[in-house]
$ cat data.cif   # mmCIF, N, CA and C atoms
data_upload
loop_
_atom_site.label_atom_id
_atom_site.label_comp_id
_atom_site.auth_asym_id
_atom_site.auth_seq_id
_atom_site.Cartn_x
_atom_site.Cartn_y
_atom_site.Cartn_z
N MET A 147 22.58 -15.56 1.04
CA MET A 147 22.43 -14.46 0.11
C MET A 147 21.15 -14.63 -0.69
N SER A 148 20.83 -15.87 -1.10
CA SER A 148 19.61 -16.07 -1.88
C SER A 148 18.38 -15.73 -1.06
N THR A 149 18.44 -15.95 0.27
CA THR A 149 17.32 -15.57 1.13
C THR A 149 17.13 -14.07 1.12
N LEU A 150 18.22 -13.32 1.19
CA LEU A 150 18.15 -11.86 1.17
C LEU A 150 17.57 -11.38 -0.15
N ILE A 151 18.00 -11.99 -1.25
CA ILE A 151 17.49 -11.60 -2.56
C ILE A 151 16.00 -11.92 -2.66
N ARG A 152 15.59 -13.12 -2.21
CA ARG A 152 14.17 -13.47 -2.25
C ARG A 152 13.36 -12.51 -1.40
N ARG A 153 13.85 -12.20 -0.18
CA ARG A 153 13.13 -11.29 0.71
C ARG A 153 13.03 -9.91 0.06
N THR A 154 14.11 -9.44 -0.58
CA THR A 154 14.08 -8.14 -1.24
C THR A 154 13.06 -8.14 -2.35
N THR A 155 13.06 -9.18 -3.17
CA THR A 155 12.11 -9.27 -4.26
C THR A 155 10.68 -9.30 -3.74
N ALA A 156 10.44 -10.07 -2.69
CA ALA A 156 9.09 -10.15 -2.12
C ALA A 156 8.66 -8.79 -1.59
N ASN A 157 9.54 -8.07 -0.94
CA ASN A 157 9.18 -6.76 -0.39
C ASN A 157 8.97 -5.72 -1.49
N LEU A 158 9.67 -5.84 -2.59
CA LEU A 158 9.46 -4.90 -3.68
C LEU A 158 8.10 -5.11 -4.33
N ARG A 159 7.59 -6.33 -4.28
CA ARG A 159 6.28 -6.62 -4.87
C ARG A 159 5.15 -6.06 -4.03
N ARG A 160 5.35 -5.96 -2.73
CA ARG A 160 4.30 -5.43 -1.86
C ARG A 160 4.08 -3.96 -2.16
N ASN A 161 2.82 -3.60 -2.32
CA ASN A 161 2.53 -2.20 -2.55
C ASN A 161 1.24 -1.86 -1.86
N PRO A 162 1.21 -1.10 -0.82
CA PRO A 162 2.31 -0.49 -0.10
C PRO A 162 2.93 -1.49 0.85
N PRO A 163 4.11 -1.18 1.41
CA PRO A 163 4.74 -2.11 2.35
C PRO A 163 3.91 -2.26 3.62
N LEU A 164 4.03 -3.41 4.25
CA LEU A 164 3.30 -3.68 5.48
C LEU A 164 3.75 -2.70 6.55
N THR A 165 2.79 -2.11 7.22
CA THR A 165 3.12 -1.15 8.28
C THR A 165 2.74 -1.74 9.61
N ALA A 166 2.92 -0.97 10.65
CA ALA A 166 2.59 -1.43 11.99
C ALA A 166 1.10 -1.72 12.10
N CYS A 167 0.74 -2.38 13.17
CA CYS A 167 -0.64 -2.78 13.40
C CYS A 167 -1.56 -1.58 13.50
N ASN A 168 -2.85 -1.84 13.55
CA ASN A 168 -3.84 -0.78 13.53
C ASN A 168 -4.05 -0.10 14.87
N SER A 169 -3.11 -0.16 15.75
CA SER A 169 -3.20 0.50 17.04
C SER A 169 -2.63 1.90 16.92
N ASP A 170 -3.28 2.89 17.54
CA ASP A 170 -2.77 4.26 17.47
C ASP A 170 -1.35 4.34 18.01
N SER A 171 -1.08 3.61 19.09
CA SER A 171 0.26 3.69 19.67
C SER A 171 1.31 3.10 18.73
N LEU A 172 0.92 2.15 17.92
CA LEU A 172 1.89 1.55 17.00
C LEU A 172 2.00 2.34 15.70
N ARG A 173 0.90 2.99 15.30
CA ARG A 173 0.93 3.74 14.05
C ARG A 173 1.82 4.98 14.14
N THR A 174 2.00 5.49 15.34
CA THR A 174 2.79 6.71 15.48
C THR A 174 4.27 6.46 15.26
N ARG A 175 4.69 5.23 15.32
CA ARG A 175 6.10 4.91 15.18
C ARG A 175 6.40 4.55 13.73
N HIS A 176 7.43 5.10 13.19
CA HIS A 176 7.82 4.84 11.80
C HIS A 176 8.48 3.47 11.70
N HIS A 177 8.03 2.67 10.76
CA HIS A 177 8.60 1.33 10.55
C HIS A 177 9.88 1.46 9.75
N ARG A 178 11.02 1.20 10.39
CA ARG A 178 12.32 1.39 9.76
C ARG A 178 12.99 0.11 9.35
N PHE A 179 12.43 -1.02 9.62
CA PHE A 179 13.14 -2.27 9.42
C PHE A 179 12.53 -3.08 8.29
N HIS A 180 12.69 -2.62 7.09
CA HIS A 180 12.25 -3.39 5.94
C HIS A 180 13.41 -3.50 4.97
N THR A 181 13.40 -4.57 4.23
CA THR A 181 14.47 -4.78 3.26
C THR A 181 14.05 -4.10 1.97
N SER A 182 14.94 -3.35 1.38
CA SER A 182 14.62 -2.67 0.14
C SER A 182 15.90 -2.47 -0.67
N VAL A 183 15.74 -1.99 -1.86
CA VAL A 183 16.89 -1.69 -2.70
C VAL A 183 17.47 -0.37 -2.21
N ALA A 184 18.76 -0.34 -2.00
CA ALA A 184 19.42 0.87 -1.50
C ALA A 184 19.41 1.96 -2.57
N PRO A 185 19.08 3.18 -2.18
CA PRO A 185 19.16 4.27 -3.15
C PRO A 185 20.61 4.52 -3.54
N GLN A 186 20.81 5.10 -4.69
CA GLN A 186 22.16 5.38 -5.17
C GLN A 186 22.65 6.68 -4.55
N ASN A 187 23.03 6.60 -3.29
CA ASN A 187 23.46 7.77 -2.53
C ASN A 187 24.69 7.37 -1.72
N LYS A 188 25.74 8.15 -1.77
CA LYS A 188 26.97 7.80 -1.06
C LYS A 188 26.80 7.83 0.45
N ASP A 189 25.78 8.52 0.95
CA ASP A 189 25.56 8.63 2.39
C ASP A 189 24.81 7.44 2.97
N THR A 190 24.35 6.54 2.14
CA THR A 190 23.60 5.38 2.61
C THR A 190 24.55 4.34 3.19
N GLY A 191 24.11 3.70 4.29
CA GLY A 191 24.91 2.65 4.90
C GLY A 191 24.80 1.34 4.14
N LEU A 192 25.45 0.33 4.66
CA LEU A 192 25.41 -1.00 4.04
C LEU A 192 23.97 -1.46 3.83
N TYR A 193 23.73 -2.07 2.70
CA TYR A 193 22.45 -2.71 2.37
C TYR A 193 21.27 -1.75 2.47
N GLY A 194 21.53 -0.45 2.39
CA GLY A 194 20.47 0.55 2.41
C GLY A 194 20.04 0.99 3.80
N PHE A 195 20.69 0.52 4.85
CA PHE A 195 20.34 0.90 6.22
C PHE A 195 21.27 2.02 6.69
N ASP A 196 20.69 3.14 7.08
CA ASP A 196 21.48 4.30 7.51
C ASP A 196 22.37 4.00 8.70
N HIS A 197 21.94 3.10 9.58
CA HIS A 197 22.75 2.77 10.75
C HIS A 197 24.10 2.16 10.37
N LEU A 198 24.16 1.54 9.23
CA LEU A 198 25.34 0.75 8.88
C LEU A 198 26.37 1.53 8.06
N LYS A 199 26.53 2.81 8.39
CA LYS A 199 27.57 3.62 7.76
C LYS A 199 28.93 3.36 8.39
N THR A 200 28.92 2.89 9.64
CA THR A 200 30.15 2.57 10.35
C THR A 200 29.97 1.20 11.01
N PRO A 201 31.05 0.55 11.38
CA PRO A 201 30.92 -0.75 12.04
C PRO A 201 30.09 -0.69 13.32
N LYS A 202 30.24 0.37 14.11
CA LYS A 202 29.49 0.50 15.37
C LYS A 202 27.99 0.67 15.13
N GLY A 203 27.60 0.99 13.91
CA GLY A 203 26.18 1.13 13.59
C GLY A 203 25.39 -0.15 13.78
N PHE A 204 26.08 -1.30 13.71
CA PHE A 204 25.39 -2.57 13.94
C PHE A 204 24.78 -2.62 15.33
N GLN A 205 25.47 -2.08 16.32
CA GLN A 205 24.96 -2.13 17.69
C GLN A 205 23.69 -1.28 17.83
N ARG A 206 23.69 -0.10 17.22
CA ARG A 206 22.48 0.74 17.24
C ARG A 206 21.34 0.07 16.48
N PHE A 207 21.68 -0.60 15.38
CA PHE A 207 20.69 -1.33 14.58
C PHE A 207 20.02 -2.41 15.44
N VAL A 208 20.82 -3.15 16.20
CA VAL A 208 20.29 -4.19 17.09
C VAL A 208 19.46 -3.56 18.20
N ASP A 209 19.96 -2.48 18.80
CA ASP A 209 19.23 -1.82 19.89
C ASP A 209 17.82 -1.42 19.44
N GLU A 210 17.72 -0.81 18.27
CA GLU A 210 16.41 -0.38 17.79
C GLU A 210 15.53 -1.57 17.42
N ALA A 211 16.11 -2.62 16.88
CA ALA A 211 15.33 -3.81 16.55
C ALA A 211 14.78 -4.45 17.82
N ILE A 212 15.59 -4.53 18.86
CA ILE A 212 15.15 -5.11 20.13
C ILE A 212 14.05 -4.24 20.75
N GLU A 213 14.24 -2.93 20.71
CA GLU A 213 13.23 -2.03 21.26
C GLU A 213 11.89 -2.18 20.53
N ARG A 214 11.93 -2.18 19.21
CA ARG A 214 10.69 -2.29 18.43
C ARG A 214 10.04 -3.66 18.63
N SER A 215 10.82 -4.71 18.64
CA SER A 215 10.26 -6.05 18.86
C SER A 215 9.62 -6.15 20.23
N GLY A 216 10.24 -5.56 21.24
CA GLY A 216 9.66 -5.55 22.58
C GLY A 216 8.32 -4.83 22.61
N GLU A 217 8.23 -3.71 21.91
CA GLU A 217 6.96 -2.99 21.82
C GLU A 217 5.88 -3.86 21.18
N LEU A 218 6.26 -4.57 20.14
CA LEU A 218 5.29 -5.42 19.44
C LEU A 218 4.88 -6.62 20.28
N VAL A 219 5.81 -7.21 21.03
CA VAL A 219 5.47 -8.32 21.92
C VAL A 219 4.49 -7.83 22.99
N THR A 220 4.72 -6.65 23.54
CA THR A 220 3.81 -6.08 24.53
C THR A 220 2.43 -5.86 23.90
N TYR A 221 2.40 -5.36 22.69
CA TYR A 221 1.14 -5.15 21.98
C TYR A 221 0.40 -6.47 21.79
N ILE A 222 1.11 -7.50 21.36
CA ILE A 222 0.49 -8.82 21.14
C ILE A 222 -0.05 -9.38 22.44
N SER A 223 0.64 -9.16 23.55
CA SER A 223 0.17 -9.70 24.83
C SER A 223 -1.15 -9.08 25.27
N GLY A 224 -1.52 -7.95 24.67
CA GLY A 224 -2.81 -7.33 24.95
C GLY A 224 -3.97 -8.01 24.23
N MET A 225 -3.68 -9.08 23.50
CA MET A 225 -4.68 -9.88 22.79
C MET A 225 -5.54 -9.08 21.82
N PRO A 226 -4.92 -8.39 20.85
CA PRO A 226 -5.71 -7.72 19.82
C PRO A 226 -6.35 -8.76 18.90
N SER A 227 -6.99 -8.32 17.85
CA SER A 227 -7.62 -9.26 16.92
C SER A 227 -6.56 -10.15 16.27
N SER A 228 -7.01 -11.27 15.74
CA SER A 228 -6.09 -12.22 15.09
C SER A 228 -5.31 -11.57 13.96
N ALA A 229 -5.98 -10.75 13.16
CA ALA A 229 -5.30 -10.10 12.03
C ALA A 229 -4.20 -9.17 12.53
N GLU A 230 -4.46 -8.45 13.62
CA GLU A 230 -3.45 -7.55 14.16
C GLU A 230 -2.28 -8.32 14.76
N ILE A 231 -2.57 -9.46 15.37
CA ILE A 231 -1.49 -10.31 15.91
C ILE A 231 -0.59 -10.78 14.77
N ILE A 232 -1.20 -11.22 13.68
CA ILE A 232 -0.42 -11.70 12.52
C ILE A 232 0.44 -10.57 11.97
N ARG A 233 -0.13 -9.37 11.82
CA ARG A 233 0.65 -8.24 11.31
C ARG A 233 1.81 -7.90 12.25
N ALA A 234 1.54 -7.91 13.56
CA ALA A 234 2.60 -7.60 14.53
C ALA A 234 3.69 -8.66 14.50
N MET A 235 3.30 -9.93 14.40
CA MET A 235 4.30 -11.00 14.33
C MET A 235 5.12 -10.90 13.04
N ASP A 236 4.47 -10.50 11.96
CA ASP A 236 5.19 -10.31 10.70
C ASP A 236 6.20 -9.17 10.83
N GLU A 237 5.80 -8.11 11.52
CA GLU A 237 6.73 -6.99 11.71
C GLU A 237 7.90 -7.40 12.60
N ILE A 238 7.63 -8.20 13.64
CA ILE A 238 8.73 -8.71 14.47
C ILE A 238 9.70 -9.50 13.61
N SER A 239 9.16 -10.37 12.77
CA SER A 239 10.00 -11.18 11.88
C SER A 239 10.83 -10.29 10.96
N ASN A 240 10.19 -9.30 10.34
CA ASN A 240 10.91 -8.40 9.44
C ASN A 240 11.99 -7.62 10.17
N THR A 241 11.67 -7.17 11.37
CA THR A 241 12.62 -6.39 12.16
C THR A 241 13.85 -7.21 12.52
N VAL A 242 13.62 -8.39 13.05
CA VAL A 242 14.72 -9.26 13.47
C VAL A 242 15.51 -9.75 12.25
N CYS A 243 14.81 -10.15 11.20
CA CYS A 243 15.49 -10.67 10.01
C CYS A 243 16.31 -9.61 9.29
N SER A 244 15.90 -8.35 9.35
CA SER A 244 16.70 -7.29 8.74
C SER A 244 18.07 -7.23 9.38
N VAL A 245 18.10 -7.35 10.70
CA VAL A 245 19.39 -7.33 11.41
C VAL A 245 20.17 -8.61 11.14
N VAL A 246 19.51 -9.75 11.28
CA VAL A 246 20.19 -11.04 11.10
C VAL A 246 20.75 -11.17 9.68
N ASP A 247 19.93 -10.87 8.69
CA ASP A 247 20.38 -11.00 7.30
C ASP A 247 21.55 -10.06 6.99
N SER A 248 21.44 -8.82 7.45
CA SER A 248 22.53 -7.86 7.21
C SER A 248 23.81 -8.30 7.90
N ALA A 249 23.68 -8.74 9.14
CA ALA A 249 24.85 -9.17 9.90
C ALA A 249 25.49 -10.41 9.26
N GLU A 250 24.68 -11.37 8.87
CA GLU A 250 25.22 -12.59 8.26
C GLU A 250 25.91 -12.29 6.94
N LEU A 251 25.30 -11.48 6.11
CA LEU A 251 25.92 -11.14 4.83
C LEU A 251 27.25 -10.42 5.06
N CYS A 252 27.24 -9.48 5.98
CA CYS A 252 28.47 -8.73 6.29
C CYS A 252 29.55 -9.64 6.85
N ARG A 253 29.17 -10.54 7.75
CA ARG A 253 30.15 -11.45 8.36
C ARG A 253 30.87 -12.28 7.31
N HIS A 254 30.18 -12.63 6.25
CA HIS A 254 30.75 -13.53 5.25
C HIS A 254 31.36 -12.83 4.04
N THR A 255 31.06 -11.53 3.86
CA THR A 255 31.52 -10.91 2.62
C THR A 255 32.28 -9.60 2.77
N HIS A 256 32.17 -8.93 3.90
CA HIS A 256 32.78 -7.59 4.00
C HIS A 256 34.30 -7.70 4.17
N PRO A 257 35.06 -6.88 3.45
CA PRO A 257 36.52 -6.95 3.54
C PRO A 257 37.10 -6.27 4.79
N ASP A 258 36.33 -5.40 5.44
CA ASP A 258 36.81 -4.67 6.61
C ASP A 258 36.57 -5.50 7.87
N ARG A 259 37.63 -5.84 8.56
CA ARG A 259 37.56 -6.70 9.76
C ARG A 259 36.68 -6.09 10.85
N GLN A 260 36.70 -4.76 10.99
CA GLN A 260 35.86 -4.12 12.01
C GLN A 260 34.38 -4.34 11.73
N PHE A 261 33.98 -4.22 10.47
CA PHE A 261 32.59 -4.49 10.11
C PHE A 261 32.23 -5.93 10.43
N VAL A 262 33.12 -6.84 10.09
CA VAL A 262 32.87 -8.27 10.34
C VAL A 262 32.71 -8.53 11.83
N GLU A 263 33.57 -7.97 12.65
CA GLU A 263 33.49 -8.18 14.10
C GLU A 263 32.22 -7.59 14.69
N GLU A 264 31.84 -6.39 14.26
CA GLU A 264 30.61 -5.77 14.77
C GLU A 264 29.38 -6.52 14.27
N ALA A 265 29.43 -7.01 13.05
CA ALA A 265 28.32 -7.81 12.52
C ALA A 265 28.18 -9.10 13.32
N ASN A 266 29.29 -9.70 13.70
CA ASN A 266 29.26 -10.91 14.52
C ASN A 266 28.61 -10.62 15.87
N LYS A 267 29.01 -9.52 16.51
CA LYS A 267 28.40 -9.14 17.80
C LYS A 267 26.90 -8.90 17.64
N ALA A 268 26.52 -8.23 16.57
CA ALA A 268 25.10 -7.94 16.33
C ALA A 268 24.32 -9.23 16.14
N ALA A 269 24.87 -10.16 15.38
CA ALA A 269 24.18 -11.44 15.15
C ALA A 269 24.00 -12.19 16.46
N MET A 270 25.01 -12.19 17.30
CA MET A 270 24.92 -12.88 18.59
C MET A 270 23.86 -12.23 19.48
N ARG A 271 23.85 -10.91 19.55
CA ARG A 271 22.89 -10.20 20.40
C ARG A 271 21.46 -10.41 19.94
N ILE A 272 21.21 -10.30 18.64
CA ILE A 272 19.83 -10.41 18.16
C ILE A 272 19.35 -11.86 18.29
N ASN A 273 20.24 -12.83 18.09
CA ASN A 273 19.85 -14.23 18.27
C ASN A 273 19.57 -14.54 19.73
N GLU A 274 20.37 -14.01 20.64
CA GLU A 274 20.11 -14.20 22.06
C GLU A 274 18.77 -13.58 22.44
N TYR A 275 18.52 -12.37 21.97
CA TYR A 275 17.25 -11.71 22.25
C TYR A 275 16.09 -12.55 21.71
N LEU A 276 16.22 -13.01 20.50
CA LEU A 276 15.17 -13.80 19.87
C LEU A 276 14.84 -15.03 20.70
N HIS A 277 15.85 -15.75 21.13
CA HIS A 277 15.62 -16.98 21.89
C HIS A 277 15.12 -16.72 23.30
N VAL A 278 15.71 -15.77 24.00
CA VAL A 278 15.36 -15.53 25.40
C VAL A 278 14.07 -14.74 25.54
N SER A 279 13.91 -13.69 24.77
CA SER A 279 12.81 -12.77 24.99
C SER A 279 11.56 -13.06 24.17
N ILE A 280 11.70 -13.75 23.07
CA ILE A 280 10.53 -14.01 22.23
C ILE A 280 10.16 -15.48 22.23
N LEU A 281 11.09 -16.36 21.88
CA LEU A 281 10.74 -17.77 21.74
C LEU A 281 10.45 -18.46 23.07
N THR A 282 11.23 -18.19 24.10
CA THR A 282 11.01 -18.86 25.39
C THR A 282 9.62 -18.58 25.95
N PRO A 283 9.16 -17.31 26.01
CA PRO A 283 7.79 -17.08 26.51
C PRO A 283 6.72 -17.76 25.66
N ILE A 284 6.92 -17.81 24.35
CA ILE A 284 5.94 -18.46 23.48
C ILE A 284 5.90 -19.96 23.77
N ILE A 285 7.06 -20.58 23.90
CA ILE A 285 7.11 -22.02 24.20
C ILE A 285 6.48 -22.30 25.56
N LEU A 286 6.79 -21.49 26.56
CA LEU A 286 6.20 -21.68 27.89
C LEU A 286 4.69 -21.52 27.85
N TYR A 287 4.20 -20.57 27.07
CA TYR A 287 2.75 -20.36 26.95
C TYR A 287 2.09 -21.58 26.30
N ILE A 288 2.72 -22.10 25.26
CA ILE A 288 2.16 -23.27 24.56
C ILE A 288 2.13 -24.49 25.46
N MET A 289 3.13 -24.65 26.32
CA MET A 289 3.25 -25.85 27.15
C MET A 289 2.36 -25.82 28.39
N ARG A 290 1.70 -24.70 28.70
CA ARG A 290 0.89 -24.68 29.92
C ARG A 290 -0.39 -25.43 29.76
#
$ encode --input "data.cif" --output "structure tokens"
Amino acid sequence: MSTLIRRTTANLRRNPPLTACNSDSLRTRHHRFHTSVAPQNKDTGLYGFDHLKTPKGFQRFVDEAIERSGELVTYISGMPSSAEIIRAMDEISNTVCSVVDSAELCRHTHPDRQFVEEANKAAMRINEYLHVSILTPIILYIMR
């Protein structure tokens, strides 16, 4: 929980929030995975994420995080400038951590068993994606 609070505080200090890299193909996509203070609106999902209005929303949240991370990994493999690589890697981190942090907090604190079960599934899927699709290729690249 303290990690989520620190991340929220750090993101509130950023002005403006970090956006996608300076590529036209990346700029056209809206960055939806940032941690922020939830607006005071009854229609908002858990932790300010619209996907998390229902337990099944965790799966859609993971799907979009995996899709966006894959786009960013493909972008990075094109060897843009160092600054753009750093920004893209930061966005991957923010995207994945938004799902992981939300799922972990829900798993440990939500009173509804369905939310807890879906959060558990989401955490498992995003962690598997992280290890298989992102970390393994990086480790193999470093070891060559």
$ residues_around --input "data.cif" --residues "stretch 209-224 of chain A" --least-positions-apart "2" --cutoff "7 Å" --atoms "only N, CA and C atoms" --output "JSON list (two decimals) with N, CA and C atoms, keeping the file's coordinate frame"
[["chain", "number", "residue", "atom", "x", "y", "z"],
["A", 204, "PHE", "N", 26.08, -1.30, 13.71],
["A", 204, "PHE", "CA", 25.39, -2.57, 13.94],
["A", 204, "PHE", "C", 24.78, -2.62, 15.33],
["A", 205, "GLN", "N", 25.47, -2.08, 16.32],
["A", 205, "GLN", "CA", 24.96, -2.13, 17.69],
["A", 205, "GLN", "C", 23.69, -1.28, 17.83],
["A", 206, "ARG", "N", 23.69, -0.10, 17.22],
["A", 206, "ARG", "CA", 22.48, 0.74, 17.24],
["A", 206, "ARG", "C", 21.34, 0.07, 16.48],
["A", 207, "PHE", "N", 21.68, -0.60, 15.38],
["A", 207, "PHE", "CA", 20.69, -1.33, 14.58],
["A", 207, "PHE", "C", 20.02, -2.41, 15.44],
["A", 226, "PRO", "N", -4.92, -8.39, 20.85],
["A", 226, "PRO", "CA", -5.71, -7.72, 19.82],
["A", 226, "PRO", "C", -6.35, -8.76, 18.90],
["A", 230, "GLU", "N", -4.46, -8.45, 13.62],
["A", 230, "GLU", "CA", -3.45, -7.55, 14.16],
["A", 230, "GLU", "C", -2.28, -8.32, 14.76],
["A", 231, "ILE", "N", -2.57, -9.46, 15.37],
["A", 231, "ILE", "CA", -1.49, -10.31, 15.91],
["A", 231, "ILE", "C", -0.59, -10.78, 14.77],
["A", 234, "ALA", "N", 1.54, -7.91, 13.56],
["A", 234, "ALA", "CA", 2.60, -7.60, 14.53],
["A", 234, "ALA", "C", 3.69, -8.66, 14.50],
["A", 235, "MET", "N", 3.30, -9.93, 14.40],
["A", 235, "MET", "CA", 4.30, -11.00, 14.33],
["A", 235, "MET", "C", 5.12, -10.90, 13.04],
["A", 237, "GLU", "N", 5.80, -8.11, 11.52],
["A", 237, "GLU", "CA", 6.73, -6.99, 11.71],
["A", 237, "GLU", "C", 7.90, -7.40, 12.60],
["A", 238, "ILE", "N", 7.63, -8.20, 13.64],
["A", 238, "ILE", "CA", 8.73, -8.71, 14.47],
["A", 238, "ILE", "C", 9.70, -9.50, 13.61],
["A", 241, "THR", "N", 11.67, -7.17, 11.37],
["A", 241, "THR", "CA", 12.62, -6.39, 12.16],
["A", 241, "THR", "C", 13.85, -7.21, 12.52],
["A", 242, "VAL", "N", 13.62, -8.39, 13.05],
["A", 242, "VAL", "CA", 14.72, -9.26, 13.47],
["A", 242, "VAL", "C", 15.51, -9.75, 12.25]]
$ atom_distance --input "data.cif" --atom1 "atom CA of A:Ser227" --atom2 "atom CA of A:Ser279"
22.2 Å
$ atom_distance --input "data.cif" --atom1 "atom CA of A:Val208" --atom2 "atom CA of A:Gln260"
16.4 Å
$ closest_residue --input "data.cif" --among "A:Thr282, A:Ala268, A:Gly194, A:Ser228" --to "A:Val245" --atoms "only N, CA and C atoms"
A:Ala268
$ closest_atom_pairs --input "data.cif" --of "stretch 250-282 of chain A" --to "stretch 189-193 of chain A" --cutoff "12 Å" --atoms "only C-alpha atoms" --output "Markdown table"
| residue | atom | partner | partner_atom | distance |
| --- | --- | --- | --- | --- |
| A:Glu250 | CA | A:Tyr193 | CA | 11.8 |
| A:Leu251 | CA | A:Tyr193 | CA | 9.4 |
| A:Cys252 | CA | A:Leu192 | CA | 8.6 |
| A:Thr255 | CA | A:Leu192 | CA | 11.7 |
| A:His256 | CA | A:Leu192 | CA | 9.9 |
| A:Phe261 | CA | A:Leu192 | CA | 10.0 |
| A:Ala265 | CA | A:Leu192 | CA | 11.3 |
$ atom_distance --input "data.cif" --atom1 "atom CA of A:Tyr275" --atom2 "atom CA of A:Pro257"
27.3 Å
$ select_by_dssp --input "data.cif" --residues "stretch 188-258 of chain A" --states "helix (DSSP H, G or I)" --output "PyMOL selection string"
chain A and resi 192-194+196-199+203-223+228-255
$ axis_aligned_box --input "data.cif" --around "stretch 256-274 of chain A" --padding-each-side "6 Å" --output "AutoDock Vina command-line options"
--center_x 28.2 --center_y -9.3 --center_z 12.9 --size_x 30.9 --size_y 22.4 --size_z 31.0
